[in-house]
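Q: A single structure is presented below for examination.
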Amino acid sequence: LGVLVLGVLVATASEGTDSLKPTPPPGVRSKTAASGRKSKRLKVVLFATNANAYLCALLKSALLLSLDVHIIGWGLKPKPGGKPINNVISQTNAAWACKQRSDDLVMGLDAFDAFFTPKAVQKQTLRRRLSAMNASFVWSAETNMFPGFSAYAPSFERRYPSQSPTEYKFLNYGAWLGTGAAACRVMSSCAQQMRKCTLCKPAEAAGKTGWAWFDQHAAQYVLVDDQSTKQALDYQNELFHSGWPDCRDFNFSSYRLKGSGVAPHVLHLNGDAKRLCGVEILKKAWFVRHTTLPTWNVYVTSSDGIEHTMRATDICPSIVAPKVMLTELEMHYKNKISKVPLG
């Protein structure tokens with residue numbers, strides 16, 4: 001599962017977000033309407049309630065590539081007895097995606113366990129990749145089916161896409177790419193299945209779980225059973241690489257897969273990879289030692305639904321201070337990630 005269950009984002013199962021108190025972000029420069037405009041740069045959306053060292057690493061890698069970064073869910077506060085924060089990611093993604101121009105290109109990533117490789121990101125190239133896959137929406141592919149097929153009706157596994165030429169065969173929720181219209185439909189469908197899982201009925205009839213446990217569970221159903229959007233999985237890892245369980249297929253010197261030589265745009269440290277790949281890969285990452293950025297603005301939508309423009313240094317003061325960033329990455333790993341049991 002791509003959603004981070006280690007850091008400050010995650011609420012307990014008894015917490016929720018049914019009632020949100022507006023929390024203006026610090027360092028606000030101005031209110032904007034950037035979400036609805038068409039951008040020459042790729043729009044990257046990150047669900048994050050606040051910042052930690054890993055979010056800052058992702059943010060820095062994106063800004064060094066001059067990407068248009070949008071943070072949503074900022075300042076979201078849980079309400080006792082409501083939905084866990086991790087269960088409203090699709091809902092929040094959908095609200096943002098449905099404001100985008102239908103033909104614009106948007107990418108969504110887990111905020112706390114991914115970063116961009118140094119490979120240049122060009123929208124035209126990404127559009128050609130979507131076209132080659134005959135899809136308007138592409139999910140990251142990983143080697144592990146989660147939840148396992150035992151959670152679904154027997155027919156589900158037979159209907160699951162099975163044309164992968166690689167070991168990366170299964171959907172991972174933590175990285176996706178699509179047009180604004182496609183992202184709106186897919187994320188809305190995932191959010192609907194989180195509210196009431198109509199696609200779970202065959203599983204329930206077979207004595208399995210009759211609801212979606214989390215966003216990736218819902219997304220698996222949407223991939224198989226929602227035909228409203230042409231979806232695909234990134235089997236070749238040309239867009240995203242899921243590092244689970246221990247980044248064994250990834251060369252951190254060349255930022256390529258060891259076997260195929262493919263160079264993805266994003267490395268996602270999903271699941272146990274956050275721990276087993278170690279903090280050294282981030283400390284030695286290509287972006288850490290840069291002390292300036294080609295673009296400084298980040299678009300942040302706080303829990304009141306208002307979008308603000310913020311400078312990257314207001315979100316991550318250490319973003320242009322390599323030594324401080326390195327220390328923060330190591331401390332976050334030691335204090336949070338290294339202590340979490342595997343599995």
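Going through the structure tokens in order, the chains are called A, B, and so on, while each chain numbers its residues from 1 and the ligands are numbered from 1 in the order shown.
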Compile the contact shell of Phe214 (chain A) as a PDB file with C-alpha atoms, in the first residue's frame: residues with an atom at most 9 Å away, counting only C-alpha atoms, same-chain residues fewer than 6 positions apart removed.
A:
ATOM      1  CA  ASN A  86      -6.308   8.108   5.135  1.00  0.00           C
ATOM      2  CA  ASN A  87      -9.815   7.190   3.992  1.00  0.00           C
ATOM      3  CA  VAL A  88     -10.618  10.603   2.524  1.00  0.00           C
ATOM      4  CA  MET A 194     -15.109   4.359   0.045  1.00  0.00           C
TER       5      MET A 194
END
Q: Taking a cut-off of 9 Å and counting only C-alpha atoms, can you build a table that, for each residue of region 146-216 of chain A near region 253-276 of chain A, reports the nearest atom pair and how far apart they are in Å (one decimal), sorted by chain then residue number, as JSON lines?
A:
{"residue": "A:Asn172", "atom": "CA", "partner": "A:Asn270", "partner_atom": "CA", "distance": 8.6}
{"residue": "A:Gly174", "atom": "CA", "partner": "A:His268", "partner_atom": "CA", "distance": 7.5}
{"residue": "A:Ala175", "atom": "CA", "partner": "A:His268", "partner_atom": "CA", "distance": 7.7}
Q: So that I have them on file, write out the residues from the current selection with N, CA and C atoms, as a JSON list (two decimals), in the first residue's frame.
A:
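Everything below was put into result-v2.json:
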[["chain", "number", "residue", "atom", "x", "y", "z"],
["A", 172, "ASN", "N", -0.99, 0.03, -7.77],
["A", 172, "ASN", "CA", -0.57, 0.73, -6.56],
["A", 172, "ASN", "C", -1.18, 2.12, -6.60],
["A", 174, "GLY", "N", -0.45, 4.76, -4.94],
["A", 174, "GLY", "CA", 0.40, 5.89, -4.57],
["A", 174, "GLY", "C", 0.98, 6.71, -5.69],
["A", 175, "ALA", "N", 0.69, 6.37, -6.95],
["A", 175, "ALA", "CA", 1.19, 7.17, -8.07],
["A", 175, "ALA", "C", 0.27, 6.95, -9.27]]
Q: Using only C-alpha atoms, tabulate the residues of region 208-326 of chain A lying at most 9 Å from any atom of region 67-80 of chain A, each with its closest atom pair and that distance in Å to one decimal, by chain and increasing residue number, as JSON lines.
A:
{"residue": "A:Thr295", "atom": "CA", "partner": "A:Leu67", "partner_atom": "CA", "distance": 8.3}
{"residue": "A:Asn297", "atom": "CA", "partner": "A:Val69", "partner_atom": "CA", "distance": 8.1}
{"residue": "A:Val298", "atom": "CA", "partner": "A:Val69", "partner_atom": "CA", "distance": 5.5}
{"residue": "A:Tyr299", "atom": "CA", "partner": "A:His70", "partner_atom": "CA", "distance": 4.7}
{"residue": "A:Val300", "atom": "CA", "partner": "A:Ile71", "partner_atom": "CA", "distance": 4.7}
{"residue": "A:Thr301", "atom": "CA", "partner": "A:Ile72", "partner_atom": "CA", "distance": 4.8}
{"residue": "A:Ser302", "atom": "CA", "partner": "A:Trp74", "partner_atom": "CA", "distance": 4.5}
{"residue": "A:Ser303", "atom": "CA", "partner": "A:Leu76", "partner_atom": "CA", "distance": 5.2}
{"residue": "A:Asp304", "atom": "CA", "partner": "A:Leu76", "partner_atom": "CA", "distance": 8.8}
{"residue": "A:Gly305", "atom": "CA", "partner": "A:Gly73", "partner_atom": "CA", "distance": 8.4}
{"residue": "A:Glu307", "atom": "CA", "partner": "A:Ile72", "partner_atom": "CA", "distance": 8.6}
Q: If you run DSSP on the backbone here, which positions in region 123-272 of chain A get helix (DSSP H, G or I)? Please write them as JSON, numbers by chain.
A: {"A": [123, 124, 125, 126, 127, 128, 129, 130, 131, 132, 149, 150, 151, 154, 155, 156, 157, 158, 159, 180, 181, 182, 183, 184, 185, 186, 187, 188, 189, 190, 191, 192, 193, 194, 195, 198, 199, 200, 201, 202, 203, 204, 205, 215, 216, 217, 218, 219, 220, 221, 222, 223, 224, 225]}
Q: Output N, CA and C atoms for every residue in the selection just made, as a compact mmCIF listing (two decimals), in the first residue's frame.
A:
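Everything below was put into part-v3.txt:
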# COMPACT_ATOMS: atom_id res chain seq x y z
N LYS A 123 5.28 17.32 -20.66
CA LYS A 123 3.88 16.91 -20.81
C LYS A 123 3.64 16.21 -22.14
N GLN A 124 4.27 16.67 -23.19
CA GLN A 124 4.06 16.05 -24.50
C GLN A 124 4.50 14.58 -24.49
N THR A 125 5.61 14.30 -23.83
CA THR A 125 6.09 12.93 -23.74
C THR A 125 5.13 12.07 -22.93
N LEU A 126 4.60 12.63 -21.84
CA LEU A 126 3.65 11.89 -21.02
C LEU A 126 2.35 11.63 -21.78
N ARG A 127 1.92 12.59 -22.57
CA ARG A 127 0.71 12.37 -23.38
C ARG A 127 0.92 11.25 -24.39
N ARG A 128 2.10 11.21 -24.98
CA ARG A 128 2.40 10.13 -25.92
C ARG A 128 2.39 8.77 -25.22
N ARG A 129 2.86 8.77 -23.97
CA ARG A 129 2.86 7.52 -23.21
C ARG A 129 1.43 7.06 -22.94
N LEU A 130 0.56 7.97 -22.57
CA LEU A 130 -0.85 7.63 -22.36
C LEU A 130 -1.47 7.09 -23.65
N SER A 131 -1.17 7.77 -24.75
CA SER A 131 -1.71 7.35 -26.04
C SER A 131 -1.23 5.95 -26.41
N ALA A 132 0.05 5.68 -26.18
CA ALA A 132 0.59 4.36 -26.50
C ALA A 132 -0.06 3.26 -25.67
N PHE A 149 -5.97 -11.28 -3.29
CA PHE A 149 -7.19 -11.71 -3.98
C PHE A 149 -8.16 -12.45 -3.05
N SER A 150 -7.70 -12.93 -1.93
CA SER A 150 -8.59 -13.61 -0.99
C SER A 150 -9.64 -12.68 -0.40
N ALA A 151 -9.43 -11.36 -0.54
CA ALA A 151 -10.40 -10.39 -0.02
C ALA A 151 -11.57 -10.16 -0.97
N PRO A 154 -14.40 -14.80 -5.92
CA PRO A 154 -13.54 -15.64 -6.77
C PRO A 154 -13.40 -15.14 -8.21
N SER A 155 -14.43 -14.50 -8.74
CA SER A 155 -14.36 -14.05 -10.13
C SER A 155 -13.45 -12.84 -10.32
N PHE A 156 -13.13 -12.14 -9.22
CA PHE A 156 -12.36 -10.91 -9.31
C PHE A 156 -10.97 -11.16 -9.89
N GLU A 157 -10.30 -12.18 -9.42
CA GLU A 157 -8.94 -12.48 -9.90
C GLU A 157 -8.96 -12.84 -11.38
N ARG A 158 -10.00 -13.54 -11.82
CA ARG A 158 -10.09 -13.91 -13.24
C ARG A 158 -10.28 -12.69 -14.12
N ARG A 159 -10.93 -11.67 -13.59
CA ARG A 159 -11.21 -10.46 -14.38
C ARG A 159 -10.12 -9.40 -14.25
N GLY A 180 -7.31 15.70 -16.71
CA GLY A 180 -8.16 16.23 -15.65
C GLY A 180 -9.50 15.54 -15.59
N ALA A 181 -10.11 15.31 -16.76
CA ALA A 181 -11.42 14.66 -16.79
C ALA A 181 -11.33 13.22 -16.28
N ALA A 182 -10.29 12.50 -16.70
CA ALA A 182 -10.14 11.11 -16.27
C ALA A 182 -9.86 11.02 -14.77
N ALA A 183 -9.00 11.90 -14.28
CA ALA A 183 -8.69 11.90 -12.85
C ALA A 183 -9.94 12.22 -12.03
N CYS A 184 -10.76 13.14 -12.52
CA CYS A 184 -12.00 13.47 -11.85
C CYS A 184 -12.90 12.25 -11.74
N ARG A 185 -13.07 11.52 -12.85
CA ARG A 185 -13.96 10.35 -12.84
C ARG A 185 -13.41 9.23 -11.96
N VAL A 186 -12.12 8.93 -12.11
CA VAL A 186 -11.54 7.81 -11.36
C VAL A 186 -11.51 8.09 -9.87
N MET A 187 -11.06 9.28 -9.47
CA MET A 187 -11.00 9.59 -8.06
C MET A 187 -12.39 9.71 -7.45
N SER A 188 -13.34 10.22 -8.21
CA SER A 188 -14.73 10.29 -7.72
C SER A 188 -15.29 8.89 -7.52
N SER A 189 -14.95 7.98 -8.43
CA SER A 189 -15.41 6.60 -8.31
C SER A 189 -14.78 5.93 -7.09
N CYS A 190 -13.50 6.16 -6.87
CA CYS A 190 -12.83 5.61 -5.69
C CYS A 190 -13.47 6.16 -4.41
N ALA A 191 -13.73 7.46 -4.41
CA ALA A 191 -14.35 8.07 -3.23
C ALA A 191 -15.74 7.50 -2.98
N GLN A 192 -16.50 7.26 -4.06
CA GLN A 192 -17.84 6.68 -3.92
C GLN A 192 -17.76 5.29 -3.32
N GLN A 193 -16.79 4.49 -3.76
CA GLN A 193 -16.65 3.13 -3.21
C GLN A 193 -16.19 3.17 -1.76
N MET A 194 -15.48 4.21 -1.36
CA MET A 194 -15.11 4.36 0.04
C MET A 194 -16.33 4.70 0.89
N ARG A 195 -17.27 5.46 0.31
CA ARG A 195 -18.48 5.81 1.06
C ARG A 195 -19.44 4.63 1.14
N THR A 198 -20.49 -0.32 -3.60
CA THR A 198 -21.43 -1.10 -4.41
C THR A 198 -20.73 -2.20 -5.19
N LEU A 199 -19.46 -1.98 -5.53
CA LEU A 199 -18.70 -2.97 -6.28
C LEU A 199 -18.23 -4.13 -5.40
N CYS A 200 -18.41 -4.00 -4.08
CA CYS A 200 -18.03 -5.06 -3.14
C CYS A 200 -19.11 -6.13 -2.99
N LYS A 201 -20.27 -5.93 -3.57
CA LYS A 201 -21.40 -6.84 -3.32
C LYS A 201 -21.08 -8.30 -3.68
N PRO A 202 -20.40 -8.58 -4.81
CA PRO A 202 -20.05 -9.97 -5.08
C PRO A 202 -19.15 -10.56 -4.00
N ALA A 203 -18.23 -9.76 -3.48
CA ALA A 203 -17.36 -10.24 -2.40
C ALA A 203 -18.17 -10.52 -1.14
N GLU A 204 -19.09 -9.62 -0.84
CA GLU A 204 -19.94 -9.80 0.34
C GLU A 204 -20.79 -11.06 0.21
N ALA A 205 -21.32 -11.29 -0.98
CA ALA A 205 -22.14 -12.48 -1.23
C ALA A 205 -21.31 -13.76 -1.08
N ASP A 215 -8.23 3.38 0.40
CA ASP A 215 -8.32 3.87 -0.97
C ASP A 215 -7.78 2.87 -2.00
N GLN A 216 -6.70 2.17 -1.69
CA GLN A 216 -6.17 1.22 -2.67
C GLN A 216 -7.15 0.06 -2.88
N HIS A 217 -7.82 -0.36 -1.83
CA HIS A 217 -8.84 -1.40 -1.94
C HIS A 217 -9.94 -0.95 -2.89
N ALA A 218 -10.41 0.29 -2.70
CA ALA A 218 -11.44 0.84 -3.58
C ALA A 218 -10.94 0.95 -5.01
N ALA A 219 -9.69 1.38 -5.16
CA ALA A 219 -9.12 1.56 -6.50
C ALA A 219 -9.02 0.25 -7.26
N GLN A 220 -8.74 -0.85 -6.57
CA GLN A 220 -8.70 -2.16 -7.24
C GLN A 220 -10.05 -2.47 -7.86
N TYR A 221 -11.12 -2.18 -7.14
CA TYR A 221 -12.46 -2.40 -7.68
C TYR A 221 -12.72 -1.48 -8.87
N VAL A 222 -12.30 -0.24 -8.76
CA VAL A 222 -12.54 0.72 -9.84
C VAL A 222 -11.79 0.30 -11.10
N LEU A 223 -10.57 -0.18 -10.94
CA LEU A 223 -9.78 -0.65 -12.09
C LEU A 223 -10.50 -1.78 -12.83
N VAL A 224 -11.05 -2.73 -12.10
CA VAL A 224 -11.63 -3.92 -12.71
C VAL A 224 -13.06 -3.69 -13.20
N ASP A 225 -13.85 -2.95 -12.43
CA ASP A 225 -15.29 -2.91 -12.68
C ASP A 225 -15.86 -1.59 -13.17
Q: From a backbone DSSP assignment, name each residue in region 36-86 of chain A labelled strand (DSSP E or B), as number ranges by chain.
A: A: 43-47, 68-74
Q: Produce a file of the selected residues containing all heavy atoms, as a short mmCIF file (atom, residue, chain, number, x, y, z; two decimals), in the first residue's frame.
A:
data_model
loop_
_atom_site.label_atom_id
_atom_site.label_comp_id
_atom_site.auth_asym_id
_atom_site.auth_seq_id
_atom_site.Cartn_x
_atom_site.Cartn_y
_atom_site.Cartn_z
N LYS A 43 1.03 19.42 -13.66
CA LYS A 43 0.50 19.62 -12.32
C LYS A 43 0.66 18.33 -11.51
O LYS A 43 0.27 17.26 -11.94
CB LYS A 43 -0.98 20.00 -12.38
CG LYS A 43 -1.25 21.38 -12.93
CD LYS A 43 -2.73 21.70 -12.88
CE LYS A 43 -3.03 23.09 -13.41
NZ LYS A 43 -4.47 23.40 -13.37
N VAL A 44 1.25 18.47 -10.33
CA VAL A 44 1.43 17.35 -9.43
C VAL A 44 0.66 17.64 -8.15
O VAL A 44 0.87 18.68 -7.51
CB VAL A 44 2.93 17.15 -9.09
CG1 VAL A 44 3.11 16.00 -8.10
CG2 VAL A 44 3.73 16.89 -10.36
N VAL A 45 -0.25 16.74 -7.77
CA VAL A 45 -1.07 16.96 -6.58
C VAL A 45 -0.63 16.00 -5.48
O VAL A 45 -0.42 14.81 -5.70
CB VAL A 45 -2.58 16.79 -6.90
CG1 VAL A 45 -2.91 15.39 -7.39
CG2 VAL A 45 -3.42 17.16 -5.68
N LEU A 46 -0.47 16.57 -4.27
CA LEU A 46 -0.01 15.81 -3.11
C LEU A 46 -1.00 16.04 -1.97
O LEU A 46 -1.28 17.18 -1.61
CB LEU A 46 1.37 16.29 -2.67
CG LEU A 46 2.45 16.43 -3.75
CD1 LEU A 46 3.70 17.08 -3.15
CD2 LEU A 46 2.78 15.08 -4.35
N PHE A 47 -1.50 14.95 -1.41
CA PHE A 47 -2.36 15.07 -0.22
C PHE A 47 -1.47 15.05 1.02
O PHE A 47 -0.81 14.06 1.31
CB PHE A 47 -3.36 13.91 -0.16
CG PHE A 47 -4.25 13.95 1.06
CD1 PHE A 47 -5.49 14.56 1.00
CD2 PHE A 47 -3.84 13.38 2.25
CE1 PHE A 47 -6.31 14.60 2.13
CE2 PHE A 47 -4.66 13.41 3.38
CZ PHE A 47 -5.89 14.03 3.32
N ASP A 68 4.54 22.01 -11.45
CA ASP A 68 3.49 22.83 -10.86
C ASP A 68 2.90 22.05 -9.69
O ASP A 68 2.03 21.20 -9.88
CB ASP A 68 2.43 23.10 -11.93
CG ASP A 68 1.65 24.37 -11.69
OD1 ASP A 68 1.77 24.93 -10.60
OD2 ASP A 68 0.90 24.78 -12.60
N VAL A 69 3.35 22.32 -8.46
CA VAL A 69 2.99 21.49 -7.31
C VAL A 69 1.78 22.06 -6.57
O VAL A 69 1.75 23.25 -6.23
CB VAL A 69 4.17 21.35 -6.34
CG1 VAL A 69 3.78 20.48 -5.14
CG2 VAL A 69 5.38 20.76 -7.06
N HIS A 70 0.81 21.18 -6.32
CA HIS A 70 -0.40 21.53 -5.58
C HIS A 70 -0.51 20.61 -4.36
O HIS A 70 -0.54 19.39 -4.51
CB HIS A 70 -1.64 21.37 -6.45
CG HIS A 70 -1.68 22.31 -7.61
ND1 HIS A 70 -2.56 23.37 -7.70
CD2 HIS A 70 -0.93 22.37 -8.75
CE1 HIS A 70 -2.36 24.03 -8.82
NE2 HIS A 70 -1.37 23.44 -9.48
N ILE A 71 -0.56 21.19 -3.17
CA ILE A 71 -0.77 20.42 -1.95
C ILE A 71 -2.21 20.61 -1.51
O ILE A 71 -2.70 21.73 -1.40
CB ILE A 71 0.20 20.87 -0.84
CG1 ILE A 71 1.65 20.59 -1.27
CG2 ILE A 71 -0.11 20.17 0.47
CD1 ILE A 71 2.68 21.08 -0.27
N ILE A 72 -2.90 19.51 -1.24
CA ILE A 72 -4.30 19.56 -0.82
C ILE A 72 -4.45 18.87 0.53
O ILE A 72 -3.62 18.06 0.92
CB ILE A 72 -5.23 18.90 -1.87
CG1 ILE A 72 -4.84 17.43 -2.10
CG2 ILE A 72 -5.17 19.68 -3.18
CD1 ILE A 72 -5.77 16.70 -3.06
N GLY A 73 -5.52 19.24 1.25
CA GLY A 73 -5.76 18.66 2.57
C GLY A 73 -4.93 19.30 3.67
O GLY A 73 -4.92 18.83 4.81
N TRP A 74 -4.26 20.41 3.36
CA TRP A 74 -3.36 21.05 4.32
C TRP A 74 -4.15 21.52 5.56
O TRP A 74 -5.15 22.21 5.44
CB TRP A 74 -2.69 22.23 3.65
CG TRP A 74 -1.54 22.82 4.40
CD1 TRP A 74 -1.56 23.97 5.14
CD2 TRP A 74 -0.21 22.30 4.48
NE1 TRP A 74 -0.31 24.20 5.67
CE2 TRP A 74 0.53 23.19 5.28
CE3 TRP A 74 0.42 21.17 3.96
CZ2 TRP A 74 1.88 22.98 5.58
CZ3 TRP A 74 1.76 20.96 4.24
CH2 TRP A 74 2.48 21.87 5.04
#
Q: Rank nothing, just name the residue among A:Trp176, A:Trp286, A:Tyr235, A:Trp213 nearest to Lys60 (chain A), using only C-alpha atoms.
A: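 Ranked by minimum distance to Lys60 (chain A), first place goes to A:Trp286.
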Q: Take CA of Phe240 (chain A) and CA of Phe287 (chain A) and report the distance between them in Å, one decimal.
A: 17.6 Å
Q: Set the distance at 9 Å and use only C-alpha atoms: which residues neighbour Leu105 (chain A) once local chain neighbours fewer than 2 positions away are removed? I'd like the list as a list in words.
A: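 My list of contacting residues is Lys38, Ser39, Arg41, Leu42, Lys43, Gln100, Arg101, Ser102, Asp103, Met107, Lys123, Leu126, Arg127, Leu177, Gly178, Thr179 and Gly180 of chain A.
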Q: Using Å and a single decimal, report how far CA of Ile306 (chain A) sits from CA of Leu293 (chain A).
A: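 Interatomic distance here is 25.5 Å.
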Q: Please measure the separation of CA of Tyr152 (chain A) and CA of Ala212 (chain A), giving the value in Å to one decimal.
A: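 Computing it gives 10.4 Å between the two atoms.
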